[in-house]
Amino acid sequence: MDLHIPLLNKPGKGSFNTNPQAVEQWAADLPLVNAALTVSLLQQALDSINSTRAPVYDRYEALEQFAGPVHCVTDALKKQFLGKRFPLGGKPLEQANLATSLCMAMATGYKIVAAELEKKNKGSSQLGNAIHQAMRYLGEALLASYLIYIPCPAGTWRDLNSLYALANRHKLADGTAKGKPAPVHGVETIADTYKRILLLSLACPYRMRQSEISKVYALLGDWAYYCDLAMATDADASGYFTVHLEADEPPHYLNAGHRDKLDSSWLIINTRGLAEPARTTIEKTRESTASLSTLPDEKVLQRLMLAWGVMPRRQFTRRGNEASVRIVVGLDSIHLAIAGPDATLPGINDTADETVQDGEYLRDPTFEQPTRINTETRLNQNASNNPFRGAYTPADRSGNGLHIESWKMQDISAGGYCLLWDSAETSHAHVGELVAINETDSNTNWHLGVVRWMKFTPEAGLMLGMQMLPPGARPVQASICKEPAGMEEQKHGILLPALAAIDQPETLLLPSLPFRSGCLSSLTEEHNTQKIRLTQQLEDTGSFAQFRFTAAGIN
């Protein structure tokens, strides 16, 4: 085994008491309501146990008692760093590191149990349970890293690969021991847990939004069964991916020319069996109510099928470039940038005496766009009887208030950019967000793109990959036509022109809600308005949706 195991010392005066009864009482007394204090107590206890000699079964039972509190506090910690702007700093980053370190500490405890049982040559179900739990917590630590777009802790993949090799050697990986069913965690085998983690890595999580990463990982708990692992030396081993069991490396694409050079330290990962559950799940997403569904979006599922298939060649060569660029993030902001400084949000009343006839007030806020809360009192009214006090309304966002971020280029190709954010401030950019980039100091010549991946390292800072969209974008207004007559409020949209060279028609970039395929809408460009029908949704990133459309008559 190539497991990283800390040096164990004799118990001292301040060592944690691993007696099962004492541990049970200690865990029952944890102040779970106070997450910060509980995290501190758990971390101290795990640090002590993982550096002290103890009876192997006492150590195992102590870790089992910690499982519930650790799950409780890590869930509480995630609420502090999910949905924040990047790069993370201060308390959100501290909470993310605490969640990761707790999972790594639990994994270390189970690794010690596995190593001691292996040393005693006890290839029992207890060894299988220890390996399984260690892999589960390493998977949770890996997931926490993906959720904030940072590299995983050093040694994580080495331990995962070594644990699977150990389980395979004792014939515990598939849930059997000496030909008989072995008690493993739930119904998931060690091999299924390992495959779940491998598939998450191969799914390119740095290209997903945080919610998508969590949903995919949950879904893989059911899908992992359909993935097959085989030793590279097996004559019938086939697949597009491989992983080295003695290396601290994630799985990667297998070049056809290297297939015959692999020895018994390599595994071949066969993902062909995932096509059927993917298609079945896509059908479920079409039949379910989106607001109640815990499944990833259909487009995400389709990207997964591509990620686990034959890797396409890069279409364009990248070249280095260290120029500074400016970007604007978000559909509304981009609309203002390309429309000019006189543009304003639709529906905002420019008069001093605002009214509520258009329904802008008293609407439940999503805070996905700048929002203003009315705290003023009106003439001849006090705070207690002002009907508008506390009401929500879109914030004033004239061209003068346009938020522009300064980034540095890392490299560039005909298809996109790799950008670097080296500021101490946070950025508005997220995976799947629409952005506009400008390489000049003027407020014209904006080129549109989509953030396809993000990754943060302390050495390089926050990096993002941006795929470019066709040039010539034009600002428009769009709204859904109510039945039988009337109009909903107008939303900002962007019209991408047709590309005759590749036979691509015009498309519309609109907010993800409330537009959908098949709906009748009104499209306004400058002073010209026409009715259109959205015919096909090409993409929905959660930040914007792209539609094809056809004319449906003139207003």
# chains A, B, ... in the order shown; residues from 1 in each chain; ligands from 1
>>> select_by_dssp(residues="range 188-285 of chain A", states="strand (DSSP E or B)", output="PyMOL selection string")
chain A and resi 228-231+241-244+252-253+266-270
>>> write_last_selection(atoms="N, CA, C and O atoms", output="PDB file, in the first residue's frame")
ATOM      1  N   ASP A 228     -17.706  -0.020 -15.827  1.00  0.00           N
ATOM      2  CA  ASP A 228     -16.905  -1.231 -15.580  1.00  0.00           C
ATOM      3  C   ASP A 228     -15.433  -0.876 -15.443  1.00  0.00           C
ATOM      4  O   ASP A 228     -14.919   0.009 -16.152  1.00  0.00           O
ATOM      5  N   LEU A 229     -14.761  -1.586 -14.529  1.00  0.00           N
ATOM      6  CA  LEU A 229     -13.318  -1.453 -14.346  1.00  0.00           C
ATOM      7  C   LEU A 229     -12.655  -2.786 -14.674  1.00  0.00           C
ATOM      8  O   LEU A 229     -13.182  -3.847 -14.335  1.00  0.00           O
ATOM      9  N   ALA A 230     -11.509  -2.741 -15.316  1.00  0.00           N
ATOM     10  CA  ALA A 230     -10.767  -3.963 -15.640  1.00  0.00           C
ATOM     11  C   ALA A 230      -9.283  -3.673 -15.587  1.00  0.00           C
ATOM     12  O   ALA A 230      -8.842  -2.544 -15.870  1.00  0.00           O
ATOM     13  N   MET A 231      -8.498  -4.664 -15.209  1.00  0.00           N
ATOM     14  CA  MET A 231      -7.051  -4.501 -15.234  1.00  0.00           C
ATOM     15  C   MET A 231      -6.606  -4.341 -16.682  1.00  0.00           C
ATOM     16  O   MET A 231      -7.135  -4.985 -17.594  1.00  0.00           O
ATOM     17  N   PHE A 241     -10.807   5.467 -20.996  1.00  0.00           N
ATOM     18  CA  PHE A 241     -10.095   6.143 -19.908  1.00  0.00           C
ATOM     19  C   PHE A 241      -9.287   5.143 -19.093  1.00  0.00           C
ATOM     20  O   PHE A 241      -9.568   3.936 -19.101  1.00  0.00           O
ATOM     21  N   THR A 242      -8.313   5.674 -18.372  1.00  0.00           N
ATOM     22  CA  THR A 242      -7.459   4.822 -17.546  1.00  0.00           C
ATOM     23  C   THR A 242      -7.040   5.564 -16.295  1.00  0.00           C
ATOM     24  O   THR A 242      -7.116   6.800 -16.230  1.00  0.00           O
ATOM     25  N   VAL A 243      -6.600   4.811 -15.276  1.00  0.00           N
ATOM     26  CA  VAL A 243      -6.087   5.394 -14.035  1.00  0.00           C
ATOM     27  C   VAL A 243      -4.969   4.511 -13.515  1.00  0.00           C
ATOM     28  O   VAL A 243      -5.028   3.276 -13.639  1.00  0.00           O
ATOM     29  N   HIS A 244      -3.928   5.126 -12.975  1.00  0.00           N
ATOM     30  CA  HIS A 244      -2.773   4.408 -12.446  1.00  0.00           C
ATOM     31  C   HIS A 244      -2.964   4.215 -10.945  1.00  0.00           C
ATOM     32  O   HIS A 244      -3.115   5.190 -10.206  1.00  0.00           O
ATOM     33  N   HIS A 252      -7.621   9.696 -16.630  1.00  0.00           N
ATOM     34  CA  HIS A 252      -7.432  10.536 -17.805  1.00  0.00           C
ATOM     35  C   HIS A 252      -7.738   9.746 -19.066  1.00  0.00           C
ATOM     36  O   HIS A 252      -7.910   8.516 -19.027  1.00  0.00           O
ATOM     37  N   TYR A 253      -7.789  10.466 -20.164  1.00  0.00           N
ATOM     38  CA  TYR A 253      -8.119   9.856 -21.441  1.00  0.00           C
ATOM     39  C   TYR A 253      -7.003   8.917 -21.881  1.00  0.00           C
ATOM     40  O   TYR A 253      -5.814   9.204 -21.698  1.00  0.00           O
ATOM     41  N   TRP A 266      -2.310  -0.471 -13.971  1.00  0.00           N
ATOM     42  CA  TRP A 266      -3.275   0.408 -14.629  1.00  0.00           C
ATOM     43  C   TRP A 266      -4.642  -0.249 -14.698  1.00  0.00           C
ATOM     44  O   TRP A 266      -4.752  -1.463 -14.878  1.00  0.00           O
ATOM     45  N   LEU A 267      -5.675   0.573 -14.550  1.00  0.00           N
ATOM     46  CA  LEU A 267      -7.056   0.137 -14.744  1.00  0.00           C
ATOM     47  C   LEU A 267      -7.609   0.772 -16.008  1.00  0.00           C
ATOM     48  O   LEU A 267      -7.293   1.923 -16.320  1.00  0.00           O
ATOM     49  N   ILE A 268      -8.440   0.037 -16.718  1.00  0.00           N
ATOM     50  CA  ILE A 268      -9.173   0.572 -17.859  1.00  0.00           C
ATOM     51  C   ILE A 268     -10.604   0.852 -17.399  1.00  0.00           C
ATOM     52  O   ILE A 268     -11.244  -0.003 -16.776  1.00  0.00           O
ATOM     53  N   ILE A 269     -11.117   2.056 -17.694  1.00  0.00           N
ATOM     54  CA  ILE A 269     -12.458   2.470 -17.274  1.00  0.00           C
ATOM     55  C   ILE A 269     -13.379   2.450 -18.491  1.00  0.00           C
ATOM     56  O   ILE A 269     -13.164   3.206 -19.443  1.00  0.00           O
ATOM     57  N   ASN A 270     -14.379   1.588 -18.440  1.00  0.00           N
ATOM     58  CA  ASN A 270     -15.317   1.434 -19.547  1.00  0.00           C
ATOM     59  C   ASN A 270     -16.612   2.173 -19.204  1.00  0.00           C
ATOM     60  O   ASN A 270     -17.352   1.759 -18.305  1.00  0.00           O
TER      61      ASN A 270
END
>>> residues_around(residues="Ile148 in chain A", least_positions_apart="4", cutoff="9 Å", atoms="only C-alpha atoms", output="number ranges by chain")
A: 81-82, 86-88, 93, 96, 143-144, 206, 210, 455-456
>>> residues_around(residues="Leu304 in chain A", least_positions_apart="3", cutoff="12 Å", atoms="only C-alpha atoms", output="PyMOL selection string")
chain A and resi 199-205+207-208+212-213+216-217+219-220+223+271+274-275+277-279+281-282+296-301+307-311
>>> closest_residue(among="A:Thr156, A:Ser238, A:Thr440, A:Ser333", to="Pro250 in chain A", atoms="only C-alpha atoms")
A:Thr156
>>> closest_residue(among="A:Gln530, A:Cys72, A:Ala552, A:Ile338", to="Pro471 in chain A", atoms="only C-alpha atoms")
A:Ile338
>>> closest_residue(among="A:Glu188, A:Ala473, A:Thr541, A:His527", to="Leu499 in chain A", atoms="only C-alpha atoms")
A:Ala473
>>> closest_residue(among="A:Ile49, A:Leu538, A:Leu102, A:Val56", to="Pro505 in chain A", atoms="only C-alpha atoms")
A:Leu538
>>> closest_residue(among="A:Asp47, A:Pro69, A:Gly542, A:Leu37", to="Met104 in chain A", atoms="only C-alpha atoms")
A:Asp47
>>> residues_around(residues="Arg533 in chain A", least_positions_apart="6", cutoff="7 Å", atoms="only C-alpha atoms", output="list in words")
Gly518, Cys519, Leu520, Ser521, Phe549, Thr550, Ala551 and Ala552 of chain A
>>> write_last_selection(atoms="all heavy atoms", output="PDB file, in the first residue's frame")
ATOM      1  N   GLY A 518     -41.507  27.121 -27.715  1.00  0.00           N
ATOM      2  CA  GLY A 518     -42.908  27.049 -28.090  1.00  0.00           C
ATOM      3  C   GLY A 518     -43.722  28.271 -27.712  1.00  0.00           C
ATOM      4  O   GLY A 518     -44.857  28.431 -28.182  1.00  0.00           O
ATOM      5  N   CYS A 519     -43.197  29.142 -26.853  1.00  0.00           N
ATOM      6  CA  CYS A 519     -44.015  30.273 -26.402  1.00  0.00           C
ATOM      7  C   CYS A 519     -44.004  31.405 -27.423  1.00  0.00           C
ATOM      8  O   CYS A 519     -43.037  31.604 -28.160  1.00  0.00           O
ATOM      9  CB  CYS A 519     -43.547  30.776 -25.033  1.00  0.00           C
ATOM     10  SG  CYS A 519     -41.981  31.654 -25.043  1.00  0.00           S
ATOM     11  N   LEU A 520     -45.112  32.123 -27.467  1.00  0.00           N
ATOM     12  CA  LEU A 520     -45.268  33.276 -28.346  1.00  0.00           C
ATOM     13  C   LEU A 520     -44.713  34.504 -27.627  1.00  0.00           C
ATOM     14  O   LEU A 520     -45.074  34.775 -26.480  1.00  0.00           O
ATOM     15  CB  LEU A 520     -46.743  33.478 -28.681  1.00  0.00           C
ATOM     16  CG  LEU A 520     -47.074  34.542 -29.730  1.00  0.00           C
ATOM     17  CD1 LEU A 520     -46.515  34.158 -31.094  1.00  0.00           C
ATOM     18  CD2 LEU A 520     -48.584  34.750 -29.798  1.00  0.00           C
ATOM     19  N   SER A 521     -43.840  35.240 -28.278  1.00  0.00           N
ATOM     20  CA  SER A 521     -43.161  36.361 -27.635  1.00  0.00           C
ATOM     21  C   SER A 521     -43.185  37.579 -28.536  1.00  0.00           C
ATOM     22  O   SER A 521     -43.476  37.508 -29.729  1.00  0.00           O
ATOM     23  CB  SER A 521     -41.712  35.990 -27.305  1.00  0.00           C
ATOM     24  OG  SER A 521     -41.646  34.834 -26.510  1.00  0.00           O
ATOM     25  N   PHE A 549     -35.767  30.950 -33.306  1.00  0.00           N
ATOM     26  CA  PHE A 549     -37.121  31.489 -33.355  1.00  0.00           C
ATOM     27  C   PHE A 549     -37.550  31.700 -34.803  1.00  0.00           C
ATOM     28  O   PHE A 549     -36.720  31.720 -35.727  1.00  0.00           O
ATOM     29  CB  PHE A 549     -37.194  32.807 -32.579  1.00  0.00           C
ATOM     30  CG  PHE A 549     -36.353  33.912 -33.163  1.00  0.00           C
ATOM     31  CD1 PHE A 549     -36.906  34.861 -34.018  1.00  0.00           C
ATOM     32  CD2 PHE A 549     -34.996  34.009 -32.863  1.00  0.00           C
ATOM     33  CE1 PHE A 549     -36.142  35.872 -34.563  1.00  0.00           C
ATOM     34  CE2 PHE A 549     -34.218  35.021 -33.401  1.00  0.00           C
ATOM     35  CZ  PHE A 549     -34.788  35.958 -34.262  1.00  0.00           C
ATOM     36  N   THR A 550     -38.846  31.848 -34.975  1.00  0.00           N
ATOM     37  CA  THR A 550     -39.405  32.166 -36.288  1.00  0.00           C
ATOM     38  C   THR A 550     -40.403  33.309 -36.129  1.00  0.00           C
ATOM     39  O   THR A 550     -40.942  33.523 -35.037  1.00  0.00           O
ATOM     40  CB  THR A 550     -40.137  30.956 -36.904  1.00  0.00           C
ATOM     41  OG1 THR A 550     -41.174  30.535 -36.023  1.00  0.00           O
ATOM     42  CG2 THR A 550     -39.174  29.816 -37.153  1.00  0.00           C
ATOM     43  N   ALA A 551     -40.651  34.033 -37.207  1.00  0.00           N
ATOM     44  CA  ALA A 551     -41.629  35.120 -37.175  1.00  0.00           C
ATOM     45  C   ALA A 551     -43.032  34.539 -37.033  1.00  0.00           C
ATOM     46  O   ALA A 551     -43.361  33.503 -37.592  1.00  0.00           O
ATOM     47  CB  ALA A 551     -41.524  35.959 -38.444  1.00  0.00           C
ATOM     48  N   ALA A 552     -43.884  35.231 -36.244  1.00  0.00           N
ATOM     49  CA  ALA A 552     -45.249  34.760 -36.019  1.00  0.00           C
ATOM     50  C   ALA A 552     -46.242  35.868 -36.304  1.00  0.00           C
ATOM     51  O   ALA A 552     -47.312  35.927 -35.729  1.00  0.00           O
ATOM     52  CB  ALA A 552     -45.404  34.256 -34.592  1.00  0.00           C
TER      53      ALA A 552
END
>>> atom_distance(atom1="CA of Ala237 in chain A", atom2="CA of Gly128 in chain A")
25.2 Å
>>> closest_residue(among="A:Arg209, A:Ala141, A:Ala218, A:Cys227", to="Asp192 in chain A", atoms="only C-alpha atoms")
A:Cys227
>>> atom_distance(atom1="CA of Leu147 in chain A", atom2="CA of Gly465 in chain A")
16.7 Å
>>> residues_around(residues="range 15-23 of chain A", least_positions_apart="5", cutoff="6 Å", atoms="only C-alpha atoms", output="list in words")
Ser48, Asp58 and Ala62 of chain A
